[in-house]
file my_file_28.cif (mmCIF, C-alpha atoms)
data_query
loop_
_atom_site.label_atom_id
_atom_site.label_comp_id
_atom_site.auth_asym_id
_atom_site.auth_seq_id
_atom_site.Cartn_x
_atom_site.Cartn_y
_atom_site.Cartn_z
CA MET A 424 -5.00 4.11 37.34
CA THR A 425 -4.36 4.27 33.59
CA GLU A 426 -4.58 0.48 33.26
CA ALA A 427 -7.92 0.42 35.06
CA LEU A 428 -9.28 3.15 32.80
CA LEU A 429 -8.07 1.30 29.71
CA GLN A 430 -9.76 -1.93 30.79
CA LYS A 431 -12.95 0.00 31.56
CA GLN A 432 -12.86 1.56 28.09
CA TYR A 433 -12.61 -1.88 26.48
CA GLU A 434 -15.39 -3.20 28.71
CA ASP A 435 -17.59 -0.32 27.55
CA LEU A 436 -16.89 -1.46 23.98
CA GLY A 437 -18.07 -4.98 24.80
CA ILE A 438 -14.82 -6.77 25.69
CA LYS A 439 -15.34 -9.09 28.65
CA LYS A 440 -12.81 -9.18 31.46
CA GLU A 441 -11.63 -12.72 30.65
CA VAL A 442 -11.05 -11.84 26.98
CA TYR A 443 -9.16 -8.65 27.91
CA GLU A 444 -6.93 -10.39 30.44
CA PHE A 445 -6.17 -13.28 28.09
CA CYS A 446 -5.13 -10.86 25.34
CA GLU A 447 -3.05 -8.75 27.72
CA LYS A 448 -1.16 -11.83 28.84
CA GLN A 449 -0.21 -12.66 25.23
CA LEU A 450 0.78 -9.06 24.54
CA ASP A 451 3.43 -9.05 27.26
CA SER A 452 5.54 -11.56 25.31
CA LEU A 453 5.62 -9.43 22.13
CA LYS A 454 7.36 -6.27 23.40
CA ASP A 455 10.82 -7.08 21.99
CA ARG A 456 9.33 -7.99 18.60
CA PHE A 457 7.38 -4.74 18.51
CA SER A 458 10.51 -2.75 19.33
CA GLU A 459 12.28 -4.19 16.28
CA ILE A 460 9.30 -3.30 14.07
CA ASP A 461 9.52 0.28 15.31
CA LYS A 462 13.19 0.47 14.27
CA VAL A 463 12.39 -0.71 10.74
CA ALA A 464 9.58 1.85 10.55
CA GLU A 465 11.91 4.65 11.60
CA ILE A 466 14.45 3.77 8.92
CA ASN A 467 11.74 3.62 6.26
CA GLN A 468 10.30 6.90 7.51
CA MET A 469 13.64 8.59 6.94
CA LYS A 470 13.86 7.04 3.48
CA VAL A 471 10.49 8.53 2.49
CA LEU A 472 11.34 11.90 4.06
CA SER A 473 14.65 12.01 2.20
CA ALA A 474 12.92 11.26 -1.12
CA MET A 475 10.44 14.09 -0.58
CA GLN A 476 13.16 16.54 0.33
CA LYS A 477 15.26 15.52 -2.65
CA ALA A 478 12.27 16.09 -4.97
CA LYS A 479 11.74 19.53 -3.37
CA ILE A 480 8.08 18.94 -2.57
CA SER A 481 6.34 22.28 -2.10
CA GLU A 482 2.82 23.48 -1.40
CA ALA A 483 2.40 24.06 -5.12
CA CYS A 484 2.52 20.29 -5.60
CA PHE A 485 -0.86 20.01 -3.87
CA ASN A 486 -2.60 21.95 -6.62
CA SER A 487 -4.32 20.13 -9.46
CA ALA A 488 -4.63 20.77 -13.16
CA THR A 489 -7.87 20.21 -15.09
CA GLY A 490 -8.72 18.78 -18.47
CA TYR A 491 -5.72 17.06 -20.01
CA GLY A 492 -3.65 17.62 -16.90
CA TYR A 493 -0.77 19.28 -18.70
CA GLY A 494 1.70 20.89 -16.33
CA ASP A 495 0.54 19.07 -13.21
CA ILE A 496 3.79 19.48 -11.26
CA GLY A 497 2.41 17.60 -8.28
CA ARG A 498 1.79 14.52 -10.41
CA GLU A 499 5.31 14.69 -11.75
CA LYS A 500 6.80 15.17 -8.29
CA ILE A 501 4.83 12.24 -6.87
CA GLU A 502 6.31 9.97 -9.53
CA GLU A 503 9.74 11.37 -8.83
CA VAL A 504 9.32 10.59 -5.12
CA TYR A 505 8.09 7.04 -5.77
CA SER A 506 10.99 6.43 -8.13
CA GLU A 507 13.41 7.60 -5.46
CA VAL A 508 11.81 5.56 -2.64
CA PHE A 509 11.85 2.38 -4.73
CA HIS A 510 15.22 3.14 -6.35
CA THR A 511 13.97 2.76 -9.92
CA GLU A 512 14.45 4.62 -13.20
CA ASP A 513 10.87 5.83 -13.41
CA ALA A 514 7.40 5.51 -11.90
CA LEU A 515 3.74 5.75 -12.89
CA VAL A 516 1.48 6.76 -9.97
CA ARG A 517 -2.07 7.60 -10.99
CA PRO A 518 -5.60 7.77 -9.53
CA GLN A 519 -6.88 6.35 -12.83
CA ILE A 520 -5.41 2.98 -11.77
CA THR A 521 -8.43 1.69 -9.90
CA CYS A 522 -6.94 -1.11 -7.77
CA GLY A 523 -4.00 -3.49 -7.37
CA THR A 524 -5.41 -5.94 -9.92
CA HIS A 525 -5.77 -3.08 -12.42
CA ALA A 526 -2.15 -2.04 -11.80
CA LEU A 527 -0.97 -5.60 -12.42
CA ALA A 528 -3.14 -6.00 -15.52
CA LEU A 529 -1.78 -2.70 -16.83
CA ALA A 530 1.81 -3.81 -16.25
CA LEU A 531 1.25 -7.18 -17.95
CA SER A 532 -0.81 -6.04 -20.92
CA SER A 533 1.57 -3.17 -21.72
CA ASN A 534 4.76 -5.22 -21.56
CA LEU A 535 3.63 -8.41 -23.31
CA ARG A 536 2.86 -8.88 -26.98
CA PRO A 537 1.10 -11.60 -29.00
CA GLY A 538 3.29 -14.71 -29.04
CA ASP A 539 4.98 -13.87 -25.73
CA GLU A 540 4.72 -16.12 -22.69
CA LEU A 541 4.19 -15.08 -19.08
CA LEU A 542 5.77 -17.27 -16.40
CA SER A 543 4.83 -17.49 -12.73
CA PRO A 544 7.56 -19.41 -10.86
CA VAL A 545 5.61 -19.24 -7.59
CA GLY A 546 2.49 -21.18 -8.52
CA ARG A 547 -1.01 -19.88 -9.20
CA PRO A 548 -1.44 -16.11 -8.76
CA TYR A 549 -4.15 -14.36 -6.78
CA ASP A 550 -7.74 -15.17 -7.77
CA THR A 551 -8.50 -11.88 -9.52
CA LEU A 552 -5.55 -12.30 -11.90
CA GLU A 553 -6.89 -15.58 -13.27
CA GLU A 554 -9.28 -13.79 -15.60
CA VAL A 555 -6.65 -11.21 -16.52
CA ILE A 556 -4.30 -13.99 -17.64
CA GLY A 557 -7.01 -16.20 -19.12
CA ILE A 558 -6.73 -19.13 -16.71
CA ARG A 559 -10.45 -18.51 -16.31
CA GLU A 560 -12.08 -17.38 -19.53
CA SER A 561 -12.80 -13.67 -19.73
CA LYS A 562 -13.14 -11.03 -22.41
CA GLY A 563 -9.96 -9.06 -22.98
CA SER A 564 -7.67 -11.53 -21.23
CA LEU A 565 -4.01 -11.92 -22.16
CA LYS A 566 -4.89 -15.32 -23.58
CA GLU A 567 -7.42 -13.72 -25.93
CA TYR A 568 -4.60 -11.51 -27.26
CA GLY A 569 -2.27 -14.41 -27.91
CA VAL A 570 -0.16 -14.29 -24.73
CA SER A 571 0.45 -17.75 -23.31
CA TYR A 572 0.95 -18.58 -19.64
CA ARG A 573 3.02 -21.09 -17.76
CA GLU A 574 3.42 -21.67 -14.03
CA VAL A 575 5.73 -23.70 -11.84
CA ALA A 576 4.26 -24.88 -8.56
CA LEU A 577 6.16 -24.40 -5.33
CA LYS A 578 7.57 -27.44 -3.60
CA GLU A 579 5.59 -28.97 -0.74
CA ASP A 580 7.64 -27.04 1.80
CA GLY A 581 6.85 -23.74 0.03
CA SER A 582 10.31 -23.32 -1.51
CA PHE A 583 11.05 -22.55 -5.16
CA ASP A 584 11.33 -25.43 -7.60
CA TYR A 585 14.52 -24.22 -9.27
CA ASP A 586 14.78 -27.21 -11.61
CA GLY A 587 11.18 -26.75 -12.71
CA ILE A 588 11.73 -23.03 -13.27
CA LYS A 589 14.83 -23.65 -15.36
CA ASN A 590 12.93 -26.11 -17.54
CA ALA A 591 9.98 -23.75 -17.93
CA ILE A 592 11.97 -20.80 -19.28
CA ASN A 593 12.09 -20.90 -23.09
CA GLU A 594 12.52 -18.65 -26.10
CA LYS A 595 8.93 -17.34 -25.77
CA THR A 596 9.24 -16.39 -22.11
CA LYS A 597 9.12 -12.60 -22.01
CA LEU A 598 8.04 -11.70 -18.50
CA VAL A 599 8.18 -13.37 -15.11
CA THR A 600 5.65 -12.42 -12.44
CA ILE A 601 6.30 -13.00 -8.73
CA GLN A 602 3.53 -12.48 -6.20
CA ARG A 603 5.14 -11.44 -2.93
CA SER A 604 2.12 -11.96 -0.71
CA ARG A 605 0.23 -15.25 -0.35
CA GLY A 606 -3.24 -14.04 -1.35
CA TYR A 607 -5.73 -16.79 -0.45
CA ALA A 608 -3.09 -19.52 -0.77
CA THR A 609 -1.53 -21.35 2.16
CA ARG A 610 2.01 -20.83 0.91
CA PRO A 611 4.39 -18.46 2.70
CA SER A 612 4.85 -14.87 1.65
CA PHE A 613 8.29 -14.28 0.21
CA SER A 614 11.01 -12.19 1.79
CA VAL A 615 12.78 -9.56 -0.27
CA LYS A 616 15.97 -11.59 0.16
CA SER A 617 14.40 -14.78 -1.27
CA ILE A 618 12.85 -12.81 -4.15
CA GLY A 619 16.29 -11.44 -4.94
CA GLU A 620 17.76 -14.94 -4.99
CA LEU A 621 15.01 -16.12 -7.34
CA ILE A 622 15.53 -13.13 -9.66
CA ALA A 623 19.28 -13.76 -9.77
CA PHE A 624 18.64 -17.40 -10.71
CA ILE A 625 16.24 -16.40 -13.49
CA LYS A 626 18.54 -13.71 -14.87
CA ASN A 627 21.41 -16.20 -14.93
CA ILE A 628 19.36 -18.39 -17.26
CA LYS A 629 18.03 -15.58 -19.47
CA PRO A 630 19.60 -12.17 -18.70
CA ASP A 631 17.18 -10.14 -20.83
CA LEU A 632 14.10 -11.59 -19.12
CA ASN A 633 12.10 -8.94 -17.26
CA VAL A 634 10.80 -9.71 -13.77
CA MET A 635 7.74 -8.04 -12.26
CA VAL A 636 6.87 -8.29 -8.56
CA ASP A 637 3.35 -7.89 -7.23
CA ASN A 638 4.32 -5.88 -4.14
CA CYS A 639 0.84 -5.55 -2.62
CA TYR A 640 0.78 -5.75 1.20
CA GLY A 641 4.59 -5.81 1.36
CA GLU A 642 5.69 -2.19 1.10
CA PHE A 643 7.76 -0.95 4.08
CA VAL A 644 7.56 -4.26 5.92
CA ASP A 645 11.27 -4.74 5.21
CA LEU A 646 14.17 -2.33 4.93
CA ASN A 647 14.39 -3.08 1.19
CA GLU A 648 11.89 -3.47 -1.65
CA PRO A 649 12.03 -6.02 -4.51
CA SER A 650 13.35 -3.28 -6.80
CA ASP A 651 16.45 -3.17 -4.59
CA VAL A 652 17.22 -6.81 -5.38
CA GLY A 653 16.80 -6.93 -9.14
CA ALA A 654 13.08 -6.62 -9.92
CA ASP A 655 12.56 -4.73 -13.18
CA LEU A 656 9.08 -3.63 -12.17
CA VAL A 657 7.24 -3.45 -8.83
CA VAL A 658 3.51 -2.91 -8.72
CA GLY A 659 1.01 -2.07 -5.99
CA SER A 660 -2.12 -0.28 -4.85
CA LEU A 661 -2.41 3.13 -3.20
CA ILE A 662 -5.28 1.94 -0.98
CA LYS A 663 -2.94 -0.59 0.59
CA ASN A 664 0.39 0.05 2.37
CA PRO A 665 1.85 3.06 0.52
CA GLY A 666 -1.37 5.08 0.67
CA GLY A 667 -1.12 5.24 4.45
CA GLY A 668 -4.93 5.15 4.72
CA LEU A 669 -5.27 8.66 3.27
CA CYS A 670 -5.18 7.99 -0.46
CA ILE A 671 -8.68 7.51 -1.85
CA SER A 672 -7.74 5.69 -5.07
CA GLY A 673 -4.89 4.74 -7.35
CA GLY A 674 -2.02 2.41 -8.04
CA TYR A 675 1.69 2.59 -8.76
CA LEU A 676 4.26 1.00 -11.04
CA CYS A 677 7.97 1.61 -10.41
CA GLY A 678 10.71 0.21 -12.61
CA LYS A 679 12.63 0.41 -15.85
CA LYS A 680 11.94 3.53 -17.88
CA GLU A 681 10.89 1.54 -20.96
CA MET A 682 8.45 -0.61 -19.00
CA ILE A 683 6.93 2.45 -17.34
CA GLU A 684 6.61 4.17 -20.70
CA ASN A 685 4.85 1.12 -22.12
CA ALA A 686 2.43 1.16 -19.19
CA SER A 687 1.74 4.87 -19.57
CA TYR A 688 0.87 4.40 -23.24
CA ARG A 689 -1.58 1.66 -22.32
CA LEU A 690 -3.09 3.68 -19.47
CA THR A 691 -3.66 6.76 -21.63
CA THR A 692 -2.79 6.49 -25.32
CA PRO A 693 0.29 5.98 -27.52
CA GLY A 694 2.10 9.26 -28.00
CA LEU A 695 0.66 10.90 -24.89
CA GLY A 696 1.66 8.51 -22.12
CA LYS A 697 2.58 10.20 -18.83
CA GLU A 698 2.03 13.73 -20.16
CA VAL A 699 -1.73 13.64 -19.60
CA GLY A 700 -4.11 12.66 -16.83
CA THR A 701 -5.46 14.98 -14.18
CA THR A 702 -5.00 13.97 -10.54
CA PHE A 703 -8.42 15.22 -9.35
CA GLY A 704 -6.98 17.12 -6.40
CA ILE A 705 -5.60 14.10 -4.53
CA ASN A 706 -1.90 14.98 -4.73
CA ARG A 707 -1.84 16.05 -1.09
CA SER A 708 -3.35 12.78 0.17
CA VAL A 709 -1.06 10.70 -2.05
CA LEU A 710 2.04 12.39 -0.68
CA GLN A 711 0.85 12.64 2.93
CA GLY A 712 -0.30 9.01 2.83
CA LEU A 713 3.11 7.89 1.60
CA PHE A 714 4.75 9.98 4.32
CA LEU A 715 2.66 8.24 7.02
CA SER A 716 2.90 4.80 5.47
CA PRO A 717 5.93 3.41 7.36
CA THR A 718 4.26 4.17 10.69
CA VAL A 719 0.89 2.83 9.56
CA VAL A 720 2.49 -0.36 8.25
CA SER A 721 4.29 -0.88 11.56
CA GLY A 722 0.96 -0.76 13.39
CA ALA A 723 -0.55 -3.23 10.94
CA LEU A 724 2.40 -5.58 11.45
CA LYS A 725 1.97 -5.45 15.21
CA GLY A 726 -1.71 -6.26 14.78
CA ALA A 727 -0.90 -9.25 12.57
CA ILE A 728 1.59 -10.64 15.08
CA PHE A 729 -0.85 -10.05 17.96
CA ALA A 730 -3.57 -11.93 16.05
CA SER A 731 -1.18 -14.78 15.35
CA LYS A 732 -0.21 -15.02 19.02
CA ILE A 733 -3.81 -14.95 20.27
CA TYR A 734 -5.17 -17.58 17.91
CA ASP A 735 -2.08 -19.77 18.12
CA GLU A 736 -2.52 -19.91 21.90
CA LEU A 737 -6.13 -20.96 21.35
CA GLY A 738 -5.05 -23.90 19.18
CA PHE A 739 -6.00 -22.60 15.74
CA SER A 740 -3.70 -23.00 12.77
CA VAL A 741 -2.09 -19.62 12.09
CA PHE A 742 0.16 -18.56 9.25
CA PRO A 743 2.66 -17.02 9.77
CA GLY A 744 3.24 -18.16 13.33
CA PRO A 745 3.77 -15.57 16.07
CA ASP A 746 7.56 -15.99 15.94
CA ASP A 747 7.89 -16.29 12.15
CA GLU A 748 9.52 -13.79 9.82
CA ARG A 749 7.08 -11.23 8.43
CA ASN A 750 7.09 -10.36 4.75
CA ASP A 751 3.67 -8.71 4.45
CA ILE A 752 0.90 -7.40 6.71
CA ILE A 753 -1.46 -10.35 6.23
CA GLN A 754 -2.28 -12.85 8.94
CA ALA A 755 -4.12 -16.07 8.11
CA VAL A 756 -6.13 -17.98 10.71
CA SER A 757 -7.63 -21.31 9.66
CA PHE A 758 -10.87 -22.18 11.43
CA ASN A 759 -11.97 -25.29 9.48
CA ASP A 760 -15.50 -24.11 10.19
CA PRO A 761 -17.51 -21.55 8.19
CA ASP A 762 -19.36 -20.34 11.31
CA LYS A 763 -16.08 -19.43 13.00
CA LEU A 764 -14.86 -17.61 9.90
CA VAL A 765 -18.09 -15.59 9.75
CA ALA A 766 -17.95 -14.82 13.49
CA PHE A 767 -14.33 -13.66 13.23
CA CYS A 768 -15.14 -11.30 10.35
CA GLY A 769 -18.21 -10.09 12.25
CA GLY A 770 -15.96 -9.09 15.14
CA ILE A 771 -13.66 -7.13 12.87
CA GLN A 772 -16.59 -5.33 11.24
CA ALA A 773 -18.11 -4.47 14.62
CA ALA A 774 -14.76 -2.97 15.70
CA SER A 775 -14.68 -0.59 12.74
CA PRO A 776 -15.17 3.20 12.87
CA VAL A 777 -17.43 3.08 9.80
CA ASP A 778 -20.41 0.71 9.36
CA SER A 779 -19.74 -0.97 12.70
CA PHE A 780 -23.46 -1.83 12.86
CA VAL A 781 -23.35 -3.82 9.60
CA LYS A 782 -23.15 -7.61 9.68
CA PRO A 783 -20.91 -8.99 6.89
CA GLU A 784 -22.29 -11.91 4.88
CA PRO A 785 -20.63 -14.19 2.27
CA TRP A 786 -21.44 -13.11 -1.30
CA ASP A 787 -20.55 -13.74 -4.93
CA MET A 788 -17.82 -11.16 -5.33
CA PRO A 789 -16.65 -10.29 -8.88
CA GLY A 790 -13.38 -11.98 -9.81
CA TYR A 791 -13.72 -14.91 -7.40
CA ASP A 792 -14.93 -18.50 -7.88
CA ASP A 793 -16.15 -18.99 -4.29
CA LYS A 794 -18.35 -16.85 -2.11
CA VAL A 795 -16.23 -14.40 -0.11
CA ILE A 796 -16.92 -12.74 3.22
CA MET A 797 -15.37 -9.34 3.75
CA ALA A 798 -15.24 -7.16 6.85
CA ALA A 799 -14.05 -3.64 6.16
CA GLY A 800 -15.61 -0.70 7.92
CA ALA A 801 -13.15 1.67 6.30
CA PHE A 802 -12.95 5.38 5.54
CA VAL A 803 -11.85 4.41 2.00
CA SER A 804 -13.84 1.60 0.40
CA GLY A 805 -11.67 -1.48 -0.15
CA SER A 806 -8.70 0.01 1.69
CA SER A 807 -6.83 -3.07 2.92
CA ILE A 808 -4.40 -1.03 5.02
CA GLU A 809 -7.37 -0.19 7.22
CA LEU A 810 -8.65 -2.78 9.69
CA SER A 811 -10.15 -5.54 7.56
CA ALA A 812 -10.56 -9.27 7.22
CA ASP A 813 -11.82 -11.50 4.47
CA GLY A 814 -11.79 -15.07 3.27
CA PRO A 815 -13.34 -17.40 0.71
CA LEU A 816 -16.00 -19.83 1.88
CA ARG A 817 -13.94 -22.90 1.14
CA SER A 818 -11.79 -25.25 3.16
CA PRO A 819 -9.85 -24.56 5.38
CA TYR A 820 -12.19 -21.59 6.01
CA ALA A 821 -9.31 -19.25 6.72
CA ALA A 822 -9.67 -15.60 7.63
CA TYR A 823 -7.10 -13.23 6.18
CA PHE A 824 -6.67 -10.32 8.56
CA GLN A 825 -4.76 -7.16 7.73
CA GLY A 826 -4.43 -3.50 8.46
CA GLY A 827 -5.36 -1.08 11.16
CA LEU A 828 -4.37 2.55 10.68
CA THR A 829 -3.11 2.47 14.26
CA TRP A 830 -1.80 -0.37 16.38
CA TYR A 831 -4.43 0.39 19.00
CA HIS A 832 -7.26 -0.11 16.54
CA ALA A 833 -5.74 -3.34 15.24
CA ARG A 834 -5.46 -4.53 18.84
CA PHE A 835 -9.12 -3.82 19.56
CA GLY A 836 -10.19 -5.50 16.31
CA ILE A 837 -8.47 -8.74 17.26
CA MET A 838 -9.89 -8.64 20.78
CA ASN A 839 -13.36 -8.06 19.38
CA SER A 840 -13.02 -10.95 16.92
CA LEU A 841 -12.23 -13.23 19.84
CA GLU A 842 -15.13 -11.76 21.80
CA LYS A 843 -17.57 -12.75 19.02
CA LEU A 844 -16.22 -16.31 18.95
CA TYR A 845 -16.35 -16.47 22.75
CA ASP A 846 -19.93 -15.19 22.92
CA ALA A 847 -21.07 -17.72 20.31
CA ASP A 848 -19.40 -20.62 22.19
CA LEU A 849 -17.07 -21.17 19.22
CA VAL A 850 -14.04 -21.27 21.51
CA ALA A 851 -13.90 -23.25 24.73
CA LYS A 852 -14.67 -21.10 27.78
CA ASP A 853 -11.77 -22.59 29.71
CA ALA A 854 -9.33 -21.80 26.86
CA LEU A 855 -8.97 -18.24 28.14
CA CYS A 856 -7.97 -19.28 31.65
#

call {"tool": "encode", "arguments": {"input": "my_file_28.cif", "output": "structure tokens"}}
result
Amino acid sequence: MTEALLQKQYEDLGIKKEVYEFCEKQLDSLKDRFSEIDKVAEINQMKVLSAMQKAKISEACFNSATGYGYGDIGREKIEEVYSEVFHTEDALVRPQITCGTHALALALSSNLRPGDELLSPVGRPYDTLEEVIGIRESKGSLKEYGVSYREVALKEDGSFDYDGIKNAINEKTKLVTIQRSRGYATRPSFSVKSIGELIAFIKNIKPDLNVMVDNCYGEFVDLNEPSDVGADLVVGSLIKNPGGGLCISGGYLCGKKEMIENASYRLTTPGLGKEVGTTFGINRSVLQGLFLSPTVVSGALKGAIFASKIYDELGFSVFPGPDDERNDIIQAVSFNDPDKLVAFCGGIQAASPVDSFVKPEPWDMPGYDDKVIMAAGAFVSGSSIELSADGPLRSPYAAYFQGGLTWYHARFGIMNSLEKLYDADLVAKDALC
């Protein structure tokens, strides 16, 4: 009875019987994998709960100061909780940090000085950091302020080029940046374990070298975070994993006290640092979002694996594969066809609770070289932990799918993406048999 009602509900939302049955068949093989994800989520949930209890979070923390923000105990408690969750000396968690790229730019610009060199041992960073660094010319870049940049490409198999990294480290190298997630690259995302091995190798060469990890899309996917394996600074966005879909803005930096202090002076002003900055009444959503985050991330992970399984069965190139280790919430599907990419994103948009009637189109998005198509009918604009998909209009025309505040919504989004491809004859009709 329940199964029939569920299928009827999906049919009412436009999912044809053959699409539903094909997806259900793939889902049956994922139950053991999903059970393991639930166990990781439960452990991380207890970690977050313990941190909040240790910080003695109270209702008073949900209040907000005005003006300078002096005496905002909620702000201070939030940073105490983040520091405890990530096992670091200090944290900076602020709504004034507008996005993940801003958080990374803040971390870099505050901890590098003219004459220093930034090293990426994992190849080219995400597109939006290119202008921050100065790889692409831009006003206010690190390059403009006399900070040089060096990168070491990954090997063809996606592994670290340890010899190349050793040769790249020199007396000017001040900071190493490691991007955990793949961004729009085809390389693998890195496990916390492999990041720890890379950090240990780097520290063995130059012990005083600081290592920063771009942790976006990776929080609570694993039992540990990069800060547990030697990272001096971890950075991320509050409208991705740790915001749990409730936080409306902000970013975080967790790490060494000195590095956090440097960042706070750059965010506000020297001498004031963390002591100022009102939180605009969002303390409750920051804390509640963090509390929900492990569960939300588990749903997003299930959605990513489900998408991988569906499109792998249909013969598309998927990365990671359905049985591969997961190190972030992102699932890439290569279509090698711009029409298929657009149709996929159209299906995700049409499955959204907000702006489901809007048709996404490729556009010249700030910070990117190529046109980008983005599907994100989200409660919070740009919230990548909500059901979303995007991709640059360039070969291999890959869609990068992530999020879903619940597993059930992620499931429907994937089914609807397939429905759009099926309706447009962009997948073979007999492929679903």

call {"tool": "closest_residue", "arguments": {"input": "my_file_28.cif", "among": "A:Asn759, A:Ser716, A:Asn685, A:Ser731", "to": "A:Glu809", "atoms": "only C-alpha atoms"}}
result
A:Ser716

call {"tool": "closest_residue", "arguments": {"input": "my_file_28.cif", "among": "A:Asn647, A:Thr692, A:Asn706, A:Ser604", "to": "A:Ile753", "atoms": "only C-alpha atoms"}}
result
A:Ser604

call {"tool": "resolve_selection", "arguments": {"input": "my_file_28.cif", "expression": "the PyMOL selection byres ((chain A and resi 430-444) around 10)", "output": "list in words"}}
result
Thr425, Glu426, Ala427, Leu428, Leu429, Phe445, Cys446, Glu447, Lys448, Gln449, Leu450, Ala773, Ala774, Phe835, Met838, Asn839, Ser840, Leu841, Glu842, Lys843, Tyr845, Asp846, Lys852, Asp853, Leu855 and Cys856 of chain A

call {"tool": "write_last_selection", "arguments": {"input": "my_file_28.cif", "atoms": "C-alpha atoms", "output": "short mmCIF file (atom, residue, chain, number, x, y, z; two decimals), keeping the file's coordinate frame"}}
result
data_model
loop_
_atom_site.label_atom_id
_atom_site.label_comp_id
_atom_site.auth_asym_id
_atom_site.auth_seq_id
_atom_site.Cartn_x
_atom_site.Cartn_y
_atom_site.Cartn_z
CA THR A 425 -4.36 4.27 33.59
CA GLU A 426 -4.58 0.48 33.26
CA ALA A 427 -7.92 0.42 35.06
CA LEU A 428 -9.28 3.15 32.80
CA LEU A 429 -8.07 1.30 29.71
CA PHE A 445 -6.17 -13.28 28.09
CA CYS A 446 -5.13 -10.86 25.34
CA GLU A 447 -3.05 -8.75 27.72
CA LYS A 448 -1.16 -11.83 28.84
CA GLN A 449 -0.21 -12.66 25.23
CA LEU A 450 0.78 -9.06 24.54
CA ALA A 773 -18.11 -4.47 14.62
CA ALA A 774 -14.76 -2.97 15.70
CA PHE A 835 -9.12 -3.82 19.56
CA MET A 838 -9.89 -8.64 20.78
CA ASN A 839 -13.36 -8.06 19.38
CA SER A 840 -13.02 -10.95 16.92
CA LEU A 841 -12.23 -13.23 19.84
CA GLU A 842 -15.13 -11.76 21.80
CA LYS A 843 -17.57 -12.75 19.02
CA TYR A 845 -16.35 -16.47 22.75
CA ASP A 846 -19.93 -15.19 22.92
CA LYS A 852 -14.67 -21.10 27.78
CA ASP A 853 -11.77 -22.59 29.71
CA LEU A 855 -8.97 -18.24 28.14
CA CYS A 856 -7.97 -19.28 31.65
#

call {"tool": "axis_aligned_box", "arguments": {"input": "my_file_28.cif", "around": "stretch 466-485 of chain A", "padding_each_side": "8 Å", "output": "JSON"}}
result
{"center_x": 7.2, "center_y": 13.8, "center_z": 1.7, "size_x": 32.1, "size_y": 36.4, "size_z": 30.5}

call {"tool": "atom_distance", "arguments": {"input": "my_file_28.cif", "atom1": "atom CA of A:Ser487", "atom2": "atom CA of A:Asn664"}}
result
23.8 Å

call {"tool": "residues_around", "arguments": {"input": "my_file_28.cif", "residues": "A:Val545", "least_positions_apart": "3", "cutoff": "7 Å", "atoms": "all atoms listed in the file", "output": "PyMOL selection string"}}
result
chain A and resi 575-577+583+601

call {"tool": "residues_around", "arguments": {"input": "my_file_28.cif", "residues": "A:Tyr549", "least_positions_apart": "2", "cutoff": "7 Å", "atoms": "all atoms listed in the file", "output": "MDAnalysis selection string"}}
result
chainID A and resid 547 551:552 606:607

call {"tool": "resolve_selection", "arguments": {"input": "my_file_28.cif", "expression": "the PyMOL selection byres ((chain A and resi 528-535) around 9)", "output": "PDB file with C-alpha atoms, keeping the file's coordinate frame"}}
result
ATOM      1  CA  ILE A 520      -5.410   2.980 -11.770  1.00  0.00           C
ATOM      2  CA  GLY A 523      -4.000  -3.490  -7.370  1.00  0.00           C
ATOM      3  CA  THR A 524      -5.410  -5.940  -9.920  1.00  0.00           C
ATOM      4  CA  HIS A 525      -5.770  -3.080 -12.420  1.00  0.00           C
ATOM      5  CA  ALA A 526      -2.150  -2.040 -11.800  1.00  0.00           C
ATOM      6  CA  LEU A 527      -0.970  -5.600 -12.420  1.00  0.00           C
ATOM      7  CA  ARG A 536       2.860  -8.880 -26.980  1.00  0.00           C
ATOM      8  CA  PRO A 537       1.100 -11.600 -29.000  1.00  0.00           C
ATOM      9  CA  GLY A 538       3.290 -14.710 -29.040  1.00  0.00           C
ATOM     10  CA  ASP A 539       4.980 -13.870 -25.730  1.00  0.00           C
ATOM     11  CA  GLU A 540       4.720 -16.120 -22.690  1.00  0.00           C
ATOM     12  CA  LEU A 541       4.190 -15.080 -19.080  1.00  0.00           C
ATOM     13  CA  LEU A 552      -5.550 -12.300 -11.900  1.00  0.00           C
ATOM     14  CA  VAL A 555      -6.650 -11.210 -16.520  1.00  0.00           C
ATOM     15  CA  ILE A 556      -4.300 -13.990 -17.640  1.00  0.00           C
ATOM     16  CA  SER A 564      -7.670 -11.530 -21.230  1.00  0.00           C
ATOM     17  CA  LEU A 565      -4.010 -11.920 -22.160  1.00  0.00           C
ATOM     18  CA  VAL A 570      -0.160 -14.290 -24.730  1.00  0.00           C
ATOM     19  CA  LYS A 597       9.120 -12.600 -22.010  1.00  0.00           C
ATOM     20  CA  LEU A 598       8.040 -11.700 -18.500  1.00  0.00           C
ATOM     21  CA  THR A 600       5.650 -12.420 -12.440  1.00  0.00           C
ATOM     22  CA  MET A 635       7.740  -8.040 -12.260  1.00  0.00           C
ATOM     23  CA  LEU A 656       9.080  -3.630 -12.170  1.00  0.00           C
ATOM     24  CA  VAL A 658       3.510  -2.910  -8.720  1.00  0.00           C
ATOM     25  CA  LEU A 676       4.260   1.000 -11.040  1.00  0.00           C
ATOM     26  CA  MET A 682       8.450  -0.610 -19.000  1.00  0.00           C
ATOM     27  CA  ILE A 683       6.930   2.450 -17.340  1.00  0.00           C
ATOM     28  CA  GLU A 684       6.610   4.170 -20.700  1.00  0.00           C
ATOM     29  CA  ASN A 685       4.850   1.120 -22.120  1.00  0.00           C
ATOM     30  CA  ALA A 686       2.430   1.160 -19.190  1.00  0.00           C
ATOM     31  CA  SER A 687       1.740   4.870 -19.570  1.00  0.00           C
ATOM     32  CA  TYR A 688       0.870   4.400 -23.240  1.00  0.00           C
ATOM     33  CA  ARG A 689      -1.580   1.660 -22.320  1.00  0.00           C
ATOM     34  CA  LEU A 690      -3.090   3.680 -19.470  1.00  0.00           C
TER      35      LEU A 690
END
